[in-house]
Amino acid sequence: MKNRAWYFVIPMIVLMSIGAFLPLMVVVNYSQHYIFAGSAATYVGLENFVEVLHDSQFRGAVRRQFIFTFMILLIEIPLGIIIALALPKKGFWVAPCLVLLGIPLLIPYNVVGIIWRLFTQSDIGVIPKIFEVLGGYYNVTLDSFDAASTILLLDVWHWTPLVVLLVYAGLQAIPDAYYQAAAIDGANSWRTFRFVTLPKLRSVLTLGILLRLMDSFKIYSEPLLLTGGGPGTATTYLSLFVARKAESYELGYASAASLIYFFIVLAMSYIAFQIITRIGKGGKVE
Amino acid sequence: MSSKKMKNNKISKYFLILYFILLAMPIYWMLNTSFKFDTEILSQFTLFPHKFTVKNYVEIFNSSVWMGSFLHSLEYVCINVIITLVASVPAAYAFSRWKFKGDHHLFFWLLTNRMAPAVIFMIPFTQIYSSLGLFDTVWAVALSHLLFNIPLAVWILEGFMSSIPKELDETAFIDGYSFPQFFMRIFFPQIKAGIGVAAFLCFTFSWVELILAKTLTIINAKPVVVTLTVGIGAEGIKWGLLGAAGVLTLIPGAVVVYFVRNNLAKGFAMGRV
């Protein structure tokens, strides 16, 4: 019986080893070499890593990435909870609301980029027009702050519905008796939310936070299509930064930067995995 | 008390309406743009096409570049989904039914790959697929996407399979079914929903993935996501055409979601979507 399990997982292991493990080893190998196109690679040990960690551009990308992810969680999670609470619990409007919420989630990332380009482009978009009418200034391709906040707005638009749907599913699972008990005890609506609703949402919220944490850390297509990482480096997040280095054939540098990037994500995902398994034991939302 | 509640309800209703308008606006703007002539897009600010046209769509359907890239995308997505399912279904079965040495570690290793940023694999994939002679073919993209789709599929399928009682397997074996017979006739119909959900998510992931698809193709296998990015930063972008192409890339996702719509809710409720 025990050996039989291995026959079942072997195809997966073979494919994943070729698809993931082997390439990762290639990256590890490159990260230890100084490579210049057309000549032989020289072994330089950990020098690439030292260079990456001292590079102000890399540090800038890491800082932007952390600020971005932090802002995403700060906005999307509370907003998602508020919208989910405001959604009708039953009746005719439930289905249209859920369908509308589902639409942004099904749009390919690159099309999201296109949509927002059309939406924010200075000659043809809606947002610049609104600013113009109100007498403000907005230019996504020239102003760093506008570019960064547009990417943030785009992500909030794209992914808040995911948080809403998760929280909505969590809310449906709370029995009415809990609220009746709270009402009998004379709890006001804030205390009902804080001590009845929120604890029951713990597992869906953890899942939502983790998903947004992982995915916002990997953001690539949207800034590439909307701003190309600019103006300057205002929207060059980690994926975009590493991709630029790889595309310009700085293989040693890019490999070292990739590994540091991977390590950050891995550390976060390990903590995440621990939390998920612990909460899974605590009681899963159906 | 009740009048306060009414007021609260009203506020939340207006809030919701506002939110849904904001949610729908960018999508509407793309649709709006796709039905306009370029002159109207550039010269006027119009909330709906004054001169309605399907010219942009016709141009895409007549362009061999656009149609070719749609086909390439469909090809590698289908290859990828098939290989993913063939490898993932047995693996998920093993994870859900048996304990074996290192199963937790293996599962965790699998999931870390799903979380890895795709840029890490740009350099090695280029080298590996070039040396295999697969560079700039749909196979390179299909195989490279396995890295993300196999972990996802195993994770989802394991969840679905674990919700089916083990007694089902045991009863079938006592009744004299061989393993393949049991799997095809009894087990498969039970997990059809899970396979649908896994296939849908792998499909959408592969369809929208940009980094690897862009890195591994030049001309012969250029997928639609890459064609969409061409011309960024250049002057004279055909906005109407871009809008129409954007609308068209939504269709496959919409078609697939129509087929798995009932199962998707189940997958969602399990917290694994």
# chains A, B, ... in the order shown; residues from 1 in each chain; ligands from 1
>>> closest_atom_pairs(of="chain B", to="chain A", cutoff="6 Å", atoms="only C-alpha atoms", output="tab-separated table")
residue	atom	partner	partner_atom	distance
B:Ser12	CA	A:Ala86	CA	5.4
B:Met30	CA	A:Ile115	CA	5.6
B:Ala87	CA	A:Met12	CA	5.1
B:Pro90	CA	A:Phe8	CA	5.0
B:Ala91	CA	A:Val9	CA	4.3
B:Ala94	CA	A:Ala5	CA	5.2
B:Phe100	CA	A:Lys2	CA	6.0
B:Pro117	CA	A:Lys218	CA	5.7
B:Val119	CA	A:Ala243	CA	5.8
B:Ile120	CA	A:Ser258	CA	5.0
B:Pro124	CA	A:Pro23	CA	5.1
B:Leu147	CA	A:Gly19	CA	5.5
B:Val208	CA	A:Pro108	CA	4.9
B:Gly246	CA	A:Val111	CA	5.4
B:Ala269	CA	A:Glu286	CA	5.8
>>> select_by_dssp(residues="range 19-239 of chain A", states="helix (DSSP H, G or I)", output="PyMOL selection string")
chain A and resi 19-31+47-54+56-86+94-106+109-120+126-134+144-172+176-184+189-200+202-217+221-226+238-239
>>> residues_around(residues="Ile41 in chain B", least_positions_apart="2", cutoff="10 Å", atoms="only C-alpha atoms", output="list in words")
Leu118, Asp123, Ile124 and Gly125 of chain A; Asn32, Thr33, Ser34, Phe35, Lys36, Phe37, Asp38, Thr39, Ser43, Gln44, Phe45, Thr46, Pro49, Lys238, Trp239 and Gly240 of chain B
>>> write_last_selection(atoms="N, CA and C atoms", output="JSON list (two decimals), in the first residue's frame")
[["chain", "number", "residue", "atom", "x", "y", "z"],
["A", 118, "LEU", "N", -6.95, 52.50, -21.30],
["A", 118, "LEU", "CA", -8.00, 53.23, -22.00],
["A", 118, "LEU", "C", -8.70, 54.20, -21.04],
["A", 123, "ASP", "N", -5.36, 61.62, -23.28],
["A", 123, "ASP", "CA", -6.23, 62.23, -24.29],
["A", 123, "ASP", "C", -7.62, 61.61, -24.31],
["A", 124, "ILE", "N", -7.73, 60.34, -23.90],
["A", 124, "ILE", "CA", -8.97, 59.62, -24.22],
["A", 124, "ILE", "C", -9.70, 59.06, -23.01],
["A", 125, "GLY", "N", -9.08, 59.12, -21.82],
["A", 125, "GLY", "CA", -9.64, 58.40, -20.69],
["A", 125, "GLY", "C", -10.67, 59.18, -19.89],
["B", 32, "ASN", "N", -17.09, 50.52, -24.89],
["B", 32, "ASN", "CA", -17.38, 51.78, -25.57],
["B", 32, "ASN", "C", -16.31, 52.09, -26.61],
["B", 33, "THR", "N", -15.04, 51.99, -26.19],
["B", 33, "THR", "CA", -13.94, 52.32, -27.09],
["B", 33, "THR", "C", -13.89, 51.36, -28.27],
["B", 34, "SER", "N", -14.20, 50.08, -28.00],
["B", 34, "SER", "CA", -14.04, 49.08, -29.06],
["B", 34, "SER", "C", -15.02, 49.28, -30.20],
["B", 35, "PHE", "N", -16.12, 50.01, -29.96],
["B", 35, "PHE", "CA", -17.11, 50.22, -31.01],
["B", 35, "PHE", "C", -17.02, 51.59, -31.66],
["B", 36, "LYS", "N", -15.90, 52.30, -31.40],
["B", 36, "LYS", "CA", -15.75, 53.64, -31.97],
["B", 36, "LYS", "C", -14.73, 53.63, -33.10],
["B", 37, "PHE", "N", -14.84, 54.66, -33.96],
["B", 37, "PHE", "CA", -13.77, 54.92, -34.92],
["B", 37, "PHE", "C", -12.62, 55.62, -34.20],
["B", 38, "ASP", "N", -11.40, 55.44, -34.71],
["B", 38, "ASP", "CA", -10.24, 56.04, -34.06],
["B", 38, "ASP", "C", -10.36, 57.56, -33.98],
["B", 39, "THR", "N", -10.92, 58.16, -35.01],
["B", 39, "THR", "CA", -11.03, 59.62, -35.00],
["B", 39, "THR", "C", -11.92, 60.09, -33.85],
["B", 43, "SER", "N", -10.58, 62.53, -30.96],
["B", 43, "SER", "CA", -10.96, 63.93, -31.09],
["B", 43, "SER", "C", -12.04, 64.34, -30.09],
["B", 44, "GLN", "N", -12.89, 63.40, -29.68],
["B", 44, "GLN", "CA", -13.99, 63.80, -28.82],
["B", 44, "GLN", "C", -14.02, 62.95, -27.57],
["B", 45, "PHE", "N", -14.67, 63.48, -26.54],
["B", 45, "PHE", "CA", -14.93, 62.68, -25.36],
["B", 45, "PHE", "C", -16.40, 62.31, -25.37],
["B", 46, "THR", "N", -16.70, 61.06, -25.72],
["B", 46, "THR", "CA", -18.11, 60.67, -25.86],
["B", 46, "THR", "C", -18.42, 59.49, -24.96],
["B", 49, "PRO", "N", -20.64, 55.46, -28.32],
["B", 49, "PRO", "CA", -20.19, 55.70, -29.69],
["B", 49, "PRO", "C", -21.24, 56.47, -30.49],
["B", 238, "LYS", "N", -3.49, 52.06, -31.91],
["B", 238, "LYS", "CA", -4.88, 51.95, -32.35],
["B", 238, "LYS", "C", -5.73, 51.55, -31.14],
["B", 239, "TRP", "N", -6.28, 52.54, -30.47],
["B", 239, "TRP", "CA", -6.99, 52.28, -29.22],
["B", 239, "TRP", "C", -8.22, 51.43, -29.44],
["B", 240, "GLY", "N", -8.94, 51.69, -30.52],
["B", 240, "GLY", "CA", -10.16, 50.94, -30.78],
["B", 240, "GLY", "C", -9.86, 49.46, -30.98]]
>>> closest_residue(among="B:Ala142, B:Leu134, B:Val86, B:Leu74", to="Ile251 in chain B", atoms="only C-alpha atoms")
B:Leu74
>>> residues_around(residues="range 159-172 of chain B", least_positions_apart="6", cutoff="7 Å", atoms="only C-alpha atoms", output="number ranges by chain")
B: 93, 96, 182, 191, 194
>>> closest_atom_pairs(of="range 124-233 of chain B", to="range 252-259 of chain B", cutoff="12 Å", atoms="only C-alpha atoms", output="JSON lines")
{"residue": "B:Ala193", "atom": "CA", "partner": "B:Phe259", "partner_atom": "CA", "distance": 10.6}
{"residue": "B:Gly196", "atom": "CA", "partner": "B:Phe259", "partner_atom": "CA", "distance": 8.4}
{"residue": "B:Val197", "atom": "CA", "partner": "B:Val257", "partner_atom": "CA", "distance": 9.1}
{"residue": "B:Ala198", "atom": "CA", "partner": "B:Val256", "partner_atom": "CA", "distance": 11.6}
{"residue": "B:Ala199", "atom": "CA", "partner": "B:Val256", "partner_atom": "CA", "distance": 9.2}
{"residue": "B:Phe200", "atom": "CA", "partner": "B:Val256", "partner_atom": "CA", "distance": 6.5}
{"residue": "B:Leu201", "atom": "CA", "partner": "B:Val257", "partner_atom": "CA", "distance": 9.5}
{"residue": "B:Cys202", "atom": "CA", "partner": "B:Gly253", "partner_atom": "CA", "distance": 11.0}
{"residue": "B:Phe203", "atom": "CA", "partner": "B:Gly253", "partner_atom": "CA", "distance": 8.0}
{"residue": "B:Thr204", "atom": "CA", "partner": "B:Gly253", "partner_atom": "CA", "distance": 6.4}
{"residue": "B:Phe205", "atom": "CA", "partner": "B:Gly253", "partner_atom": "CA", "distance": 10.0}
{"residue": "B:Ser206", "atom": "CA", "partner": "B:Gly253", "partner_atom": "CA", "distance": 11.0}
{"residue": "B:Trp207", "atom": "CA", "partner": "B:Gly253", "partner_atom": "CA", "distance": 8.4}
{"residue": "B:Val208", "atom": "CA", "partner": "B:Gly253", "partner_atom": "CA", "distance": 9.8}
>>> closest_residue(among="A:Ser216, A:Thr150, A:Thr235, A:Asn139", to="Gln121 in chain A", atoms="only C-alpha atoms")
A:Asn139
>>> atom_distance(atom1="CA of Trp98 in chain B", atom2="CA of Glu158 in chain B")
11.5 Å
>>> atom_distance(atom1="CA of Ser130 in chain B", atom2="CA of Gly68 in chain B")
22.1 Å
>>> closest_residue(among="B:Val89, B:Pro151, B:Thr84, B:Ile156", to="Trp109 in chain B", atoms="only C-alpha atoms")
B:Pro151
>>> closest_residue(among="A:Ser122, A:Ser149, A:Thr206, A:Ser31", to="Pro223 in chain A", atoms="only C-alpha atoms")
A:Ser149
